[in-house]
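Engineer: Contents of upload.txt (compact mmCIF, C-alpha atoms) are given next:
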```txt
# COMPACT_ATOMS: atom_id res chain seq x y z
CA MET Q 14 1.75 199.10 180.90
CA ALA Q 15 2.58 198.53 184.60
CA SER Q 16 5.24 195.86 185.14
CA TYR Q 17 6.61 194.22 188.24
CA HIS Q 18 10.24 194.08 189.30
CA LEU Q 19 11.85 193.46 192.68
CA SER Q 20 15.31 192.00 193.02
CA VAL Q 21 17.49 191.51 196.09
CA LYS Q 22 21.27 191.62 196.01
CA THR Q 23 23.96 191.53 198.67
CA ILE Q 24 26.94 193.86 199.15
CA LYS Q 25 29.81 191.43 199.78
CA ARG Q 26 33.39 192.18 200.71
CA SER Q 27 34.44 189.03 198.89
CA ALA Q 28 33.26 190.70 195.67
CA GLY Q 29 35.23 193.86 196.43
CA ARG Q 30 32.16 195.89 197.37
CA THR Q 31 31.47 198.07 200.41
CA ALA Q 32 28.35 199.55 201.99
CA THR Q 33 29.97 203.00 201.99
CA ALA Q 34 30.53 202.95 198.21
CA ALA Q 35 27.05 201.57 197.56
CA GLY Q 36 25.42 204.25 199.74
CA ALA Q 37 27.43 207.06 198.14
CA TYR Q 38 26.70 205.95 194.57
CA ARG Q 39 22.96 205.45 194.98
CA ALA Q 40 22.44 208.70 196.87
CA GLY Q 41 24.87 210.73 194.75
CA GLU Q 42 26.92 211.84 197.75
CA ARG Q 43 30.51 211.95 198.99
CA ILE Q 44 31.35 209.37 201.66
CA GLU Q 45 34.78 208.61 203.10
CA CYS Q 46 35.21 204.93 203.94
CA GLN Q 47 37.09 204.96 207.24
CA ARG Q 48 37.89 201.25 207.11
CA GLU Q 49 39.56 201.46 203.69
CA GLY Q 50 40.69 205.07 203.82
CA ARG Q 51 39.04 205.77 200.45
CA ILE Q 52 36.73 208.55 199.36
CA HIS Q 53 33.68 207.69 197.24
CA ASP Q 54 32.51 210.89 195.56
CA TYR Q 55 29.41 210.65 193.36
CA THR Q 56 28.12 214.20 193.83
CA ARG Q 57 28.11 214.72 190.04
CA LYS Q 58 25.74 211.81 189.47
CA GLN Q 59 22.45 212.88 187.86
CA GLY Q 60 18.93 211.48 187.82
CA ILE Q 61 18.53 211.17 191.60
CA GLU Q 62 15.06 212.46 192.46
CA GLU Q 63 14.87 211.82 196.21
CA THR Q 64 16.82 210.21 199.05
CA PHE Q 65 15.85 209.50 202.66
CA ILE Q 66 16.70 207.18 205.55
CA VAL Q 67 14.17 205.23 207.61
CA ALA Q 68 15.36 203.74 210.91
CA PRO Q 69 13.74 202.13 213.96
CA GLU Q 70 12.22 204.55 216.49
CA ASN Q 71 14.83 203.81 219.16
CA ALA Q 72 17.81 204.03 216.76
CA PRO Q 73 20.70 206.39 217.64
CA ALA Q 74 20.69 209.88 216.10
CA TRP Q 75 23.67 209.13 213.85
CA ALA Q 76 21.49 206.69 211.87
CA GLN Q 77 20.16 209.67 209.87
CA ASP Q 78 23.72 210.56 208.76
CA ARG Q 79 24.38 208.46 205.64
CA SER Q 80 28.17 208.55 206.00
CA LYS Q 81 28.08 207.60 209.67
CA LEU Q 82 25.44 204.91 209.09
CA TRP Q 83 27.39 202.95 206.49
CA ASN Q 84 30.75 203.43 208.16
CA GLU Q 85 29.25 201.89 211.31
CA ALA Q 86 27.85 199.04 209.21
CA GLU Q 87 31.35 198.40 207.84
CA ALA Q 88 33.04 198.71 211.21
CA ILE Q 89 30.82 196.12 212.93
CA GLU Q 90 31.81 193.42 210.41
CA THR Q 91 35.25 191.84 210.97
CA ARG Q 92 35.39 188.99 208.46
CA ARG Q 93 36.93 189.25 204.98
CA ASN Q 94 33.83 187.77 203.34
CA SER Q 95 31.21 189.65 205.37
CA VAL Q 96 27.96 190.83 203.83
CA THR Q 97 27.72 194.46 204.94
CA ALA Q 98 24.45 195.53 203.28
CA ARG Q 99 21.53 194.24 201.24
CA GLU Q 100 19.98 196.05 198.26
CA TRP Q 101 16.33 195.82 197.21
CA GLU Q 102 15.87 197.16 193.68
CA LEU Q 103 12.30 198.23 192.88
CA ALA Q 104 10.58 199.22 189.64
CA LEU Q 105 8.17 202.10 190.24
CA PRO Q 106 4.93 202.50 188.20
CA SER Q 107 5.16 205.23 185.56
CA GLU Q 108 1.36 205.62 185.66
CA ILE Q 109 1.40 207.38 189.05
CA SER Q 110 2.86 210.70 190.17
CA ASP Q 111 6.29 211.41 191.68
CA GLU Q 112 4.59 212.00 195.02
CA ASP Q 113 2.81 208.65 194.88
CA ARG Q 114 6.02 206.86 193.89
CA SER Q 115 7.76 208.42 196.88
CA GLN Q 116 4.90 207.45 199.17
CA ILE Q 117 4.79 203.75 198.26
CA THR Q 118 8.59 203.49 198.40
CA ARG Q 119 8.60 204.98 201.89
CA GLN Q 120 5.85 202.57 202.94
CA PHE Q 121 7.92 199.66 201.67
CA ALA Q 122 10.96 200.94 203.60
CA GLU Q 123 8.87 201.28 206.77
CA GLU Q 124 7.69 197.69 206.32
CA LEU Q 125 11.31 196.52 206.13
CA VAL Q 126 12.14 198.43 209.32
CA SER Q 127 9.09 197.05 211.14
CA ARG Q 128 9.67 193.47 210.01
CA TYR Q 129 13.45 193.16 210.46
CA GLY Q 130 14.52 196.09 212.68
CA VAL Q 131 17.16 197.27 210.18
CA ALA Q 132 18.20 200.70 208.90
CA VAL Q 133 16.94 201.52 205.40
CA ASP Q 134 18.52 204.01 202.97
CA VAL Q 135 16.33 204.90 199.97
CA ALA Q 136 17.33 206.56 196.67
CA ILE Q 137 14.66 207.13 193.99
CA HIS Q 138 16.11 207.45 190.47
CA ALA Q 139 14.56 208.93 187.35
CA PRO Q 140 14.65 207.05 184.02
CA HIS Q 141 17.94 207.26 182.15
CA ARG Q 142 17.79 210.09 179.64
CA GLU Q 143 18.72 207.73 176.79
CA GLY Q 144 16.57 204.81 177.95
CA ASP Q 145 12.91 203.97 178.47
CA GLN Q 146 11.28 207.02 180.03
CA ARG Q 147 8.93 204.79 182.03
CA ASN Q 148 11.84 203.26 183.95
CA HIS Q 149 11.34 204.94 187.32
CA HIS Q 150 13.05 202.88 190.01
CA ALA Q 151 14.35 202.92 193.56
CA HIS Q 152 17.41 201.48 195.28
CA VAL Q 153 16.65 200.47 198.86
CA LEU Q 154 19.83 199.72 200.82
CA THR Q 155 19.37 197.95 204.16
CA SER Q 156 21.76 196.94 206.92
CA THR Q 157 22.27 193.25 207.60
CA ARG Q 158 22.09 193.76 211.36
CA LYS Q 159 19.36 195.11 213.59
CA LEU Q 160 19.79 198.74 214.64
CA GLU Q 161 19.05 199.32 218.31
CA PRO Q 162 19.83 202.17 220.79
CA GLU Q 163 23.37 200.86 221.34
CA GLY Q 164 24.00 200.55 217.59
CA PHE Q 165 24.11 197.54 215.26
CA THR Q 166 23.49 194.24 217.04
CA ALA Q 167 22.38 190.78 215.81
CA LYS Q 168 22.41 189.65 212.20
CA THR Q 169 19.07 189.26 210.40
CA ARG Q 170 19.48 185.50 210.01
CA VAL Q 171 15.89 185.07 208.82
CA LEU Q 172 16.98 186.63 205.52
CA ASP Q 173 20.30 184.81 205.39
CA SER Q 174 19.02 181.28 205.97
CA ALA Q 175 18.39 179.07 202.95
CA LYS Q 176 15.20 177.77 204.59
CA THR Q 177 13.61 181.11 205.50
CA GLY Q 178 15.28 183.66 203.22
CA GLY Q 179 13.32 182.77 200.09
CA VAL Q 180 10.03 182.71 201.97
CA GLU Q 181 10.68 186.13 203.51
CA ILE Q 182 11.64 187.71 200.20
CA GLU Q 183 8.56 186.23 198.51
CA GLN Q 184 6.36 187.77 201.20
CA MET Q 185 8.02 191.15 200.71
CA ARG Q 186 7.48 190.79 196.97
CA GLY Q 187 3.78 190.41 197.73
CA VAL Q 188 3.86 193.52 199.94
CA TRP Q 189 5.44 195.53 197.14
CA ALA Q 190 2.85 194.31 194.61
CA GLU Q 191 0.02 195.29 196.95
CA LEU Q 192 1.44 198.79 197.50
CA GLN Q 193 1.70 199.35 193.75
CA ASN Q 194 -1.79 198.04 193.01
CA ARG Q 195 -3.34 200.28 195.65
CA ALA Q 196 -1.58 203.29 194.14
CA LEU Q 197 -2.73 202.34 190.63
CA GLU Q 198 -6.29 201.93 191.88
CA ARG Q 199 -6.24 205.35 193.57
CA VAL Q 200 -5.43 207.09 190.28
CA GLY Q 201 -8.04 205.09 188.34
CA GLU Q 202 -5.64 202.85 186.43
CA ALA Q 203 -6.99 199.48 185.33
CA GLU Q 204 -3.52 197.91 185.10
CA ARG Q 205 -2.28 195.75 187.97
CA VAL Q 206 1.03 194.05 188.75
CA ASP Q 207 1.56 190.49 189.93
CA HIS Q 208 4.60 189.31 191.89
CA ARG Q 209 3.98 185.61 191.19
CA SER Q 210 5.92 183.62 188.62
CA LEU Q 211 4.51 183.26 185.10
CA GLU Q 212 3.81 179.58 185.76
CA LYS Q 213 1.75 180.28 188.88
CA GLN Q 214 -0.12 183.09 187.15
CA ARG Q 215 -0.93 180.77 184.24
CA GLU Q 216 -2.19 178.05 186.57
CA ALA Q 217 -4.44 180.57 188.33
CA ALA Q 218 -5.81 181.77 184.97
CA GLN Q 219 -6.60 178.20 183.93
CA GLU Q 220 -8.38 177.51 187.22
CA ARG Q 221 -10.70 180.49 186.75
CA GLY Q 222 -11.30 179.56 183.07
CA ASP Q 223 -9.48 182.55 181.55
CA THR Q 224 -8.10 180.86 178.43
CA LEU Q 225 -6.72 184.00 176.82
CA SER Q 226 -4.74 185.06 179.88
CA ALA Q 227 -3.39 181.53 180.27
CA GLU Q 228 -2.19 181.58 176.66
CA GLU Q 229 -0.55 184.98 177.08
CA LEU Q 230 1.31 183.76 180.17
CA ASP Q 231 2.52 180.59 178.45
CA ARG Q 232 6.00 181.98 177.75
CA ASP Q 233 9.48 182.10 179.19
CA PRO Q 234 10.53 185.01 181.43
CA GLU Q 235 12.18 187.82 179.53
CA LEU Q 236 15.93 187.48 179.20
CA LYS Q 237 17.90 190.05 181.18
CA LEU Q 238 20.10 192.16 178.91
CA GLY Q 239 22.76 193.19 181.39
CA PRO Q 240 24.46 196.62 181.59
CA ALA Q 241 26.75 196.26 178.53
CA ALA Q 242 24.13 194.89 176.10
CA ASN Q 243 21.50 197.29 177.43
CA SER Q 244 23.79 200.27 176.77
CA MET Q 245 24.51 199.09 173.21
CA GLU Q 246 20.83 198.58 172.45
CA ARG Q 247 19.90 202.01 173.84
CA ARG Q 248 22.47 203.68 171.58
CA GLU Q 249 21.19 201.75 168.55
CA LYS Q 250 17.58 202.71 169.30
CA ALA Q 251 18.53 206.38 169.59
CA ALA Q 252 20.49 206.22 166.31
CA ALA Q 253 17.60 204.51 164.51
CA GLU Q 254 15.19 207.18 165.75
CA ARG Q 255 17.48 210.02 164.64
CA GLU Q 256 17.99 208.49 161.19
CA GLY Q 257 14.33 207.60 160.72
CA ARG Q 258 14.94 203.89 160.19
CA GLU Q 259 13.70 200.71 161.80
CA TYR Q 260 15.47 199.63 164.96
CA LYS Q 261 17.34 196.34 164.65
CA PRO Q 262 19.04 194.79 167.69
CA VAL Q 263 22.84 194.70 167.59
CA THR Q 264 23.39 192.01 170.23
CA GLU Q 265 22.19 188.42 170.44
CA ARG Q 266 20.49 189.05 173.77
CA GLY Q 267 18.90 192.21 172.38
CA ALA Q 268 17.46 190.26 169.45
CA VAL Q 269 15.90 187.68 171.79
CA VAL Q 270 14.36 190.36 174.01
CA HIS Q 271 13.11 192.39 171.03
CA ALA Q 272 11.47 189.31 169.45
CA ALA Q 273 9.80 188.41 172.75
CA ARG Q 274 8.43 191.92 173.17
CA GLN Q 275 7.10 191.96 169.62
CA ALA Q 276 5.40 188.60 170.20
CA ARG Q 277 3.73 189.87 173.38
CA ALA Q 278 2.59 193.02 171.59
CA ALA Q 279 1.12 190.91 168.78
CA PHE Q 280 -0.70 188.71 171.28
CA ARG Q 281 -2.15 191.76 173.06
CA GLU Q 282 -3.33 193.07 169.68
CA MET Q 283 -4.88 189.70 168.90
CA ARG Q 284 -6.55 189.51 172.30
CA GLU Q 285 -8.08 192.96 171.89
CA ARG Q 286 -9.52 191.99 168.51
CA VAL Q 287 -11.02 188.76 169.83
CA GLU Q 288 -12.58 190.54 172.82
CA ILE Q 289 -14.06 193.17 170.50
CA ALA Q 290 -15.49 190.43 168.24
CA ARG Q 291 -17.07 188.67 171.21
CA GLU Q 292 -18.54 191.87 172.58
CA ILE Q 293 -20.00 192.99 169.26
CA TYR Q 294 -21.40 189.53 168.54
CA GLY Q 295 -23.20 189.50 171.89
CA VAL Q 296 -24.62 192.99 171.36
CA GLU Q 297 -25.85 192.11 167.87
CA ARG Q 298 -27.50 188.90 169.01
CA ASP Q 299 -29.22 190.73 171.88
CA ALA Q 300 -30.46 193.26 169.34
CA GLY Q 301 -32.18 190.47 167.39
CA GLN Q 302 -29.67 189.97 164.57
CA GLY Q 303 -29.20 186.54 163.03
CA ARG Q 304 -26.12 184.48 163.80
CA VAL Q 305 -24.54 185.03 160.41
CA SER Q 306 -25.16 188.78 160.47
CA ALA Q 307 -23.87 189.06 164.02
CA GLY Q 308 -20.77 187.02 163.15
CA LEU Q 309 -20.03 189.16 160.12
CA THR Q 310 -20.44 192.35 162.16
CA ALA Q 311 -18.14 190.96 164.84
CA LEU Q 312 -15.45 190.25 162.25
CA ARG Q 313 -15.74 193.75 160.84
CA ALA Q 314 -15.42 195.19 164.32
CA ALA Q 315 -12.31 193.11 165.01
CA THR Q 316 -10.82 194.13 161.68
CA SER Q 317 -11.32 197.83 162.33
CA LYS Q 318 -10.33 197.34 166.00
CA GLY Q 319 -13.09 199.70 167.08
CA ARG Q 320 -13.82 199.97 170.78
CA VAL Q 321 -17.41 199.90 172.00
CA THR Q 322 -18.09 203.24 173.63
CA ASP Q 323 -21.01 204.36 175.78
CA ASP Q 324 -23.10 204.74 172.64
CA VAL Q 325 -22.87 201.15 171.41
CA ARG Q 326 -25.43 201.57 168.66
CA GLU Q 327 -23.61 204.52 167.14
CA GLN Q 328 -20.40 202.50 167.15
CA LEU Q 329 -22.12 199.58 165.44
CA ALA Q 330 -23.62 201.88 162.85
CA ARG Q 331 -20.14 203.02 161.85
CA ILE Q 332 -18.80 199.46 161.79
CA THR Q 333 -21.64 197.99 159.72
CA ASP Q 334 -21.79 200.86 157.24
CA ARG Q 335 -21.98 199.30 153.78
CA GLY Q 336 -20.62 202.47 152.19
CA GLN Q 337 -17.07 200.99 152.22
CA ASP Q 338 -15.77 203.57 154.69
CA ARG Q 339 -12.50 201.90 155.64
CA GLY Q 340 -11.08 204.54 157.93
CA GLY Q 341 -7.99 205.12 155.78
CA GLN Q 342 -6.91 201.47 155.67
CA SER Q 343 -5.60 199.97 152.45
CA ASP Q 344 -7.13 196.90 150.80
CA GLU Q 345 -4.19 194.81 152.00
CA GLU Q 346 -4.61 196.01 155.58
CA GLN Q 347 -8.33 195.26 155.48
CA ALA Q 348 -7.77 191.76 154.08
CA GLY Q 349 -5.00 191.06 156.59
CA GLY Q 350 -7.17 192.21 159.46
CA ARG Q 351 -10.09 190.06 158.32
CA ASN Q 352 -7.96 186.95 158.04
CA TYR Q 353 -6.29 187.65 161.38
CA ALA Q 354 -9.59 188.14 163.22
CA ARG Q 355 -11.27 185.24 161.41
CA ASP Q 356 -8.57 182.69 162.28
CA ARG Q 357 -8.27 183.83 165.88
CA LEU Q 358 -12.02 183.86 166.47
CA LYS Q 359 -12.26 180.30 165.16
CA GLU Q 360 -9.46 179.17 167.44
CA ILE Q 361 -10.96 180.81 170.56
CA MET Q 362 -14.41 179.35 169.84
CA ASP Q 363 -12.91 175.87 169.53
CA LYS Q 364 -11.02 176.24 172.80
CA ASP Q 365 -14.01 177.69 174.63
CA ALA Q 366 -16.12 174.76 173.49
CA GLY Q 367 -13.63 172.25 174.86
CA ARG Q 368 -12.64 174.12 177.99
CA ASP Q 369 -15.48 172.87 180.18
CA GLY Q 370 -15.82 169.51 178.48
CA GLN Q 371 -18.80 168.12 176.60
CA ALA Q 372 -21.26 170.18 178.65
CA ALA Q 373 -19.92 173.37 177.09
CA VAL Q 374 -20.49 171.95 173.61
CA HIS Q 375 -24.06 170.97 174.50
CA LYS Q 376 -24.75 174.45 175.84
CA LEU Q 377 -23.30 176.11 172.76
CA ASP Q 378 -25.34 173.82 170.51
CA GLY Q 379 -28.52 174.58 172.42
CA HIS Q 380 -29.05 171.00 173.64
CA SER Q 381 -30.12 169.87 177.09
CA ASP Q 382 -29.78 166.18 176.26
CA PRO Q 383 -26.14 165.08 176.64
CA GLU Q 384 -26.70 162.35 174.05
CA LEU Q 385 -26.85 165.05 171.38
CA GLY Q 386 -23.24 166.04 170.76
CA GLU Q 387 -20.67 166.12 168.00
CA GLU Q 388 -21.47 162.48 167.08
CA THR Q 389 -25.02 163.37 166.09
CA GLY Q 390 -25.27 164.08 162.38
CA ARG Q 391 -26.07 167.59 161.30
CA GLU Q 392 -29.03 166.31 159.29
CA GLU Q 393 -30.65 165.04 162.54
CA ARG Q 394 -30.55 168.38 164.35
CA LYS Q 395 -30.31 172.10 163.76
CA PRO Q 396 -26.71 173.30 163.12
CA SER Q 397 -25.18 174.86 166.24
CA VAL Q 398 -23.93 178.41 166.68
CA ASN Q 399 -20.38 177.07 166.66
CA GLU Q 400 -20.90 175.16 163.41
CA ARG Q 401 -22.64 178.04 161.66
CA LEU Q 402 -19.99 180.56 162.69
CA LYS Q 403 -17.27 178.20 161.50
CA ASP Q 404 -19.04 178.10 158.13
CA VAL Q 405 -19.25 181.90 158.12
CA LEU Q 406 -15.59 182.36 158.98
CA ASN Q 407 -14.47 180.05 156.15
CA LYS Q 408 -16.48 181.74 153.37
CA PRO Q 409 -15.55 184.74 151.25
CA ARG Q 410 -17.11 188.06 152.15
CA GLU Q 411 -19.23 188.19 148.96
CA LYS Q 412 -20.88 184.82 149.76
CA LEU Q 413 -21.53 185.92 153.30
CA GLU Q 414 -23.49 188.94 152.14
CA ILE Q 415 -25.50 186.85 149.65
CA GLU Q 416 -26.35 184.23 152.26
CA ASP Q 417 -27.19 186.95 154.74
CA GLY Q 418 -29.85 188.16 152.32
CA ARG Q 419 -31.11 184.63 151.79
CA ASP Q 420 -31.40 184.11 155.54
CA LYS Q 421 -33.55 187.22 155.80
CA GLU Q 422 -35.82 185.90 153.01
CA LYS Q 423 -36.16 182.54 154.79
CA ASP Q 424 -36.92 184.29 158.08
CA GLN Q 425 -39.66 186.28 156.31
CA GLU Q 426 -41.14 183.08 154.82
CA VAL Q 427 -41.20 181.45 158.26
CA GLU Q 428 -42.89 184.50 159.72
CA ASN Q 429 -45.52 184.44 156.94
CA ASP Q 430 -46.24 180.74 157.64
CA ARG Q 431 -46.66 181.51 161.33
CA GLU Q 432 -49.09 184.31 160.53
CA ILE Q 433 -51.19 181.94 158.40
CA ASP Q 434 -51.24 179.42 161.26
CA ARG Q 435 -52.41 182.09 163.66
CA GLU Q 436 -55.23 183.07 161.27
CA ILE Q 437 -56.35 179.41 161.08
CA ASP Q 438 -56.35 179.11 164.88
CA ARG Q 439 -58.49 182.25 165.20
CA ASP Q 440 -61.10 181.02 162.61
CA PRO Q 441 -63.63 178.62 164.32
CA GLY Q 442 -64.91 177.50 160.92
CA LEU Q 443 -61.60 175.88 159.99
CA SER Q 444 -60.22 172.66 161.40
CA HIS Q 445 -57.12 170.63 160.72
```
Could I get this file's structure written as structure tokens?

Structural biologist:
Amino acid sequence: MASYHLSVKTIKRSAGRTATAAGAYRAGERIECQREGRIHDYTRKQGIEETFIVAPENAPAWAQDRSKLWNEAEAIETRRNSVTAREWELALPSEISDEDRSQITRQFAEELVSRYGVAVDVAIHAPHREGDQRNHHAHVLTSTRKLEPEGFTAKTRVLDSAKTGGVEIEQMRGVWAELQNRALERVGEAERVDHRSLEKQREAAQERGDTLSAEELDRDPELKLGPAANSMERREKAAAEREGREYKPVTERGAVVHAARQARAAFREMRERVEIAREIYGVERDAGQGRVSAGLTALRAATSKGRVTDDVREQLARITDRGQDRGGQSDEEQAGGRNYARDRLKEIMDKDAGRDGQAAVHKLDGHSDPELGEETGREERKPSVNERLKDVLNKPREKLEIEDGRDKEKDQEVENDREIDREIDRDPGLSH
């Protein structure tokens, strides 16, 4: 699943860091820091897939020399607490190719150059061999001064200011999201990333009436593990896989992250089942099935988690097969799936009914008169779809099948009565 990550950090002398060391480490090269007289040699570093430098068109030729570039960036700063470089860390989509990842990273670097006039040094890294193999990422190191024909000049104060820095970074976050989404669309991926906070995404989902998405986004941001805890958890996962046992987090932070990921996975599973139930129910009703039959079929579909393919009828035939073909699931799994789908479908129907106010209830109940709502007794009107499905979802499977047969008998009796009425209307010798 595509996920969004963009973070911005500064390379500060006050923290004991230098632009020369940062450039050497991320690119896996050997750079001698002329200001400190130290050599930073990371030529043995692995996992570096590609490196390149993007500079303004009128920049001096030495800007393409990584060692010269970052030594000049260090030399131009004279204060002990100077910020000599800025790092943009990007997560790259695993769903696209290496070439596409390189392309969108270069486009992002070119946008930084165009917007701020800085030099940009890019290093694309492969996933760590012991970590998540989807973790493609890039380190984008930028100067903190504009690079012009005479060299480094004015500071990029628009990024340093408390008033404008956050706004600028948020806009660049949007640029990075757009570049990723275009790349995902080109390769036919349905997944998209969103640079907005969870709160803003949830508010947008509520405004467009997407209850399920709003519920899924109603959570805290995932806790960041940090290098030490992340390394410990990776080793434990690898050990658990080798020994064929269940992975159990070994750190407190790891346990929190693991629980959050399990909860999100469970919600996605639940959402898929509910969407399947809704889809199957609609198809069955369109095909002329009664509400009870359609509801029962929808629950079976959610339990088996079958996807509707191009041949919907063939799919439904497999789902509604009374031959007890359970697809290899045990009785406990079947019962658990039924209860899970039943409870969730009830909850979603209740929320959908209340989402748009009383009008939604009237529409679901088939009323045009707003006076007919929940206060009207069931004996004064026909039970609504919502009420009947609630009854269905709260009854054992055996009773459902019996009542389904009874409904068919009642439908046949009604049809017979209508046929008699039609015969009376056609006979001029009879009056009533």

Engineer: Excluding Q:Ala37 and its own-chain neighbours fewer than 3 positions away, which residues fall within 12 Å of it when counting all atoms listed in the file? Please give them as a ChimeraX atom specification.

Structural biologist: /Q:31-34,40-46,51-58,61,64,78-84,134-136,152,154

Engineer: Considering only C-alpha atoms, return as number ranges by chain whatever protein or nucleic-acid residues lie within 9 Å of Q:Ala132, sequence-local ones (same chain, fewer than 2 positions apart) excluded.

Structural biologist: Q: 66-69, 72, 76, 82, 122, 125-126, 130, 134, 154-160

Engineer: Please report the interatomic distance between atom CA of Q:Arg195 and atom CA of Q:His149 in Å with one decimal.

Structural biologist: 17.5 Å

Engineer: Rank nothing, just name the residue among Q:Thr169, Q:Ser20, Q:Gln59, Q:Gln184 nearest to Q:Glu100, using all atoms listed in the file.

Structural biologist: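 So, comparing all the options, the nearest one is Q:Ser20.
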
Engineer: By how many Å are atom CA of Q:Val296 and atom CA of Q:Thr310 apart?

Structural biologist: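 About the pair atom CA of Q:Val296 and atom CA of Q:Thr310: they are 10.1 Å apart.
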
Engineer: Which distance in Å separates atom CA of Q:Val188 and atom CA of Q:Phe280, to one decimal?

Structural biologist: 29.4 Å

Engineer: With only C-alpha atoms as the atoms that count, which of Q:Glu265, Q:Asp299, Q:Glu288, Q:Glu85 lies nearest to Q:Leu238?

Structural biologist: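 Smallest distance to Q:Leu238 is found for Q:Glu265.
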